[in-house]
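Visitor: Below are the C-alpha cells for one structure; questions will follow.
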Amino acid sequence: MNSYYLKYSKYLKYVNIVIFVLVILLFGREISNENHVLKNSLYLPQEDFNNNKIEESLFGTDDYNGFFDLGFKYKGTNIDHIVNLYIAIGLMNSEHYNEASCYLDKITSQNCKEKYGEVLSAKIFGLKGDVNVELKKYDDAIIYYNKAIDLLKKNYIDNPKYIMKIVLIYEEKKEYKKALEILEKGIKEYYKSPDLNVLKTEKKRIKTLLESI
C-alpha cells in the first residue's frame with residue numbers, strides 16, 4: 001500500500017458497523033409494517049453480516065438464503081435497495097470493487113434523494129466515491145464526494161471528511177493548488193468541525209508541497 005492509500009484509509013467510511021446502522025435505518029423505515037415472513041428472511045443474513053461473516057451473508061448457508069438470492073426474490077419491491085446495499089458493502093469488504101460499484105449504481109440511479117432522504121443518500125454517494133477511489137477513478141470519486149457534500153450542506157461531522165478525501169485525491173494527482181483552495185474554503189465553512197485542526201494541518205502540508213515545486 002503506497003503512502004496515498006495509507007493516508008486515505010484513515011477517512012474510509014464503509015466500516016461494517018457504520019454502514020450496518022444505515023441499513024437498519026432503511027430496513028426499519030421500509031418494512032416496519034410488512035409481514036413477518038419478509039422480516040425473517042432477512043434476519044439471519046443480517047446477523048451474519050453484522051458478525052463479519054460476509055461470505056455467508058452474501059451466498060447463504062444450509063439454513064437461509066443469502067443476499068444474492070434475496071436480491072432476485074425481492075427485485076422490484078420496496079426493499080430491493082436494502083438488499084443491494086448489503087451486497088455492495090459486502091463486496092467492498094471483500095475487495096470486489098467493480099461488482100460493488102454495479103450494485104451501488106442500482107441504488108444511486110433511483111432518485112436517491114427523494115427515495116432515501118438527504119442523510120442516507122449522502123452516505124450512499126460517499127460509498128460510491130470510496131469505490132471509485134479503490135478503482136482509481138479519481139475524477140468520478142470527486143463527483144460523488146461533492147454530491148454527498150451538497151446534500152449534507154452544513155454538516156460539520158461528515159463533510160470535512162469528504163473534503164479530506166477530495167484533497168488527498170488532488171494531492172495524488174499533484175494538483176496541489178486545487179487541493180489548497182478546497183482546504184481554505186473548508187476551513188472557513190466548517191470552522192465548528194471537530195476535524196478543523198486536521199484541515200488546518202493538512203493545509204500546512206499541502207502548502208509546503210506547493211511551495212516546493
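Convention: chains lettered A, B, ... in C-alpha cells order; per-chain residue numbering from 1; ligands numbered from 1 as shown.
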Hey, what's within 10 Å of Tyr64 (chain A) if we count only C-alpha atoms and toss same-chain stuff fewer than 5 positions away? As a ChimeraX atom specification, please?
Guide: /A:40-45,56-57,59,69-70
Visitor: Restricted to C-alpha atoms, what would the selected residues look like written as a short mmCIF file (atom, residue, chain, number, x, y, z; two decimals), in the first residue's frame?
Guide:
data_model
loop_
_atom_site.label_atom_id
_atom_site.label_comp_id
_atom_site.auth_asym_id
_atom_site.auth_seq_id
_atom_site.Cartn_x
_atom_site.Cartn_y
_atom_site.Cartn_z
CA ASN A 40 -37.48 -13.26 8.99
CA SER A 41 -35.99 -13.84 5.54
CA LEU A 42 -33.53 -11.01 6.16
CA TYR A 43 -32.81 -11.71 9.82
CA LEU A 44 -30.20 -14.47 9.52
CA PRO A 45 -28.11 -12.95 6.71
CA GLU A 56 -22.14 -16.49 4.37
CA SER A 57 -24.42 -13.46 4.36
CA PHE A 59 -24.19 -16.54 -0.59
CA ASP A 69 -30.71 -14.93 -3.65
CA LEU A 70 -32.83 -12.41 -1.81
#
Visitor: Skip region 73-89 of chain A itself and residues of its chain fewer than 3 positions away, then list as JSON, numbers by chain all residues within 6 Å of it, counting only C-alpha atoms.
Guide: {"A": [70, 92, 100, 103, 107]}
Visitor: Go ahead and write the residues just picked, C-alpha atoms, as a short mmCIF file (atom, residue, chain, number, x, y, z; two decimals), in the first residue's frame.
Guide:
data_model
loop_
_atom_site.label_atom_id
_atom_site.label_comp_id
_atom_site.auth_asym_id
_atom_site.auth_seq_id
_atom_site.Cartn_x
_atom_site.Cartn_y
_atom_site.Cartn_z
CA LEU A 70 -32.83 -12.41 -1.81
CA MET A 92 -16.45 -3.75 -0.94
CA ALA A 100 -19.75 -3.36 -5.67
CA TYR A 103 -24.77 -2.68 -7.09
CA ILE A 107 -29.28 2.39 -5.73
#
Visitor: Figure out the distance between CA of His96 (chain A) and CA of Ile54 (chain A), please, to one decimal in Å.
Guide: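 Separation between CA of Ile54 (chain A) and CA of His96 (chain A): 12.3 Å.
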Visitor: Can you work out which one of A:Ile169, A:Leu127, A:Ile157, A:Ile206 has the shortest atom-to-atom distance to Glu181 (chain A), counting only C-alpha atoms?
Guide: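 Distance minimum relative to Glu181 (chain A) lands on A:Ile206.
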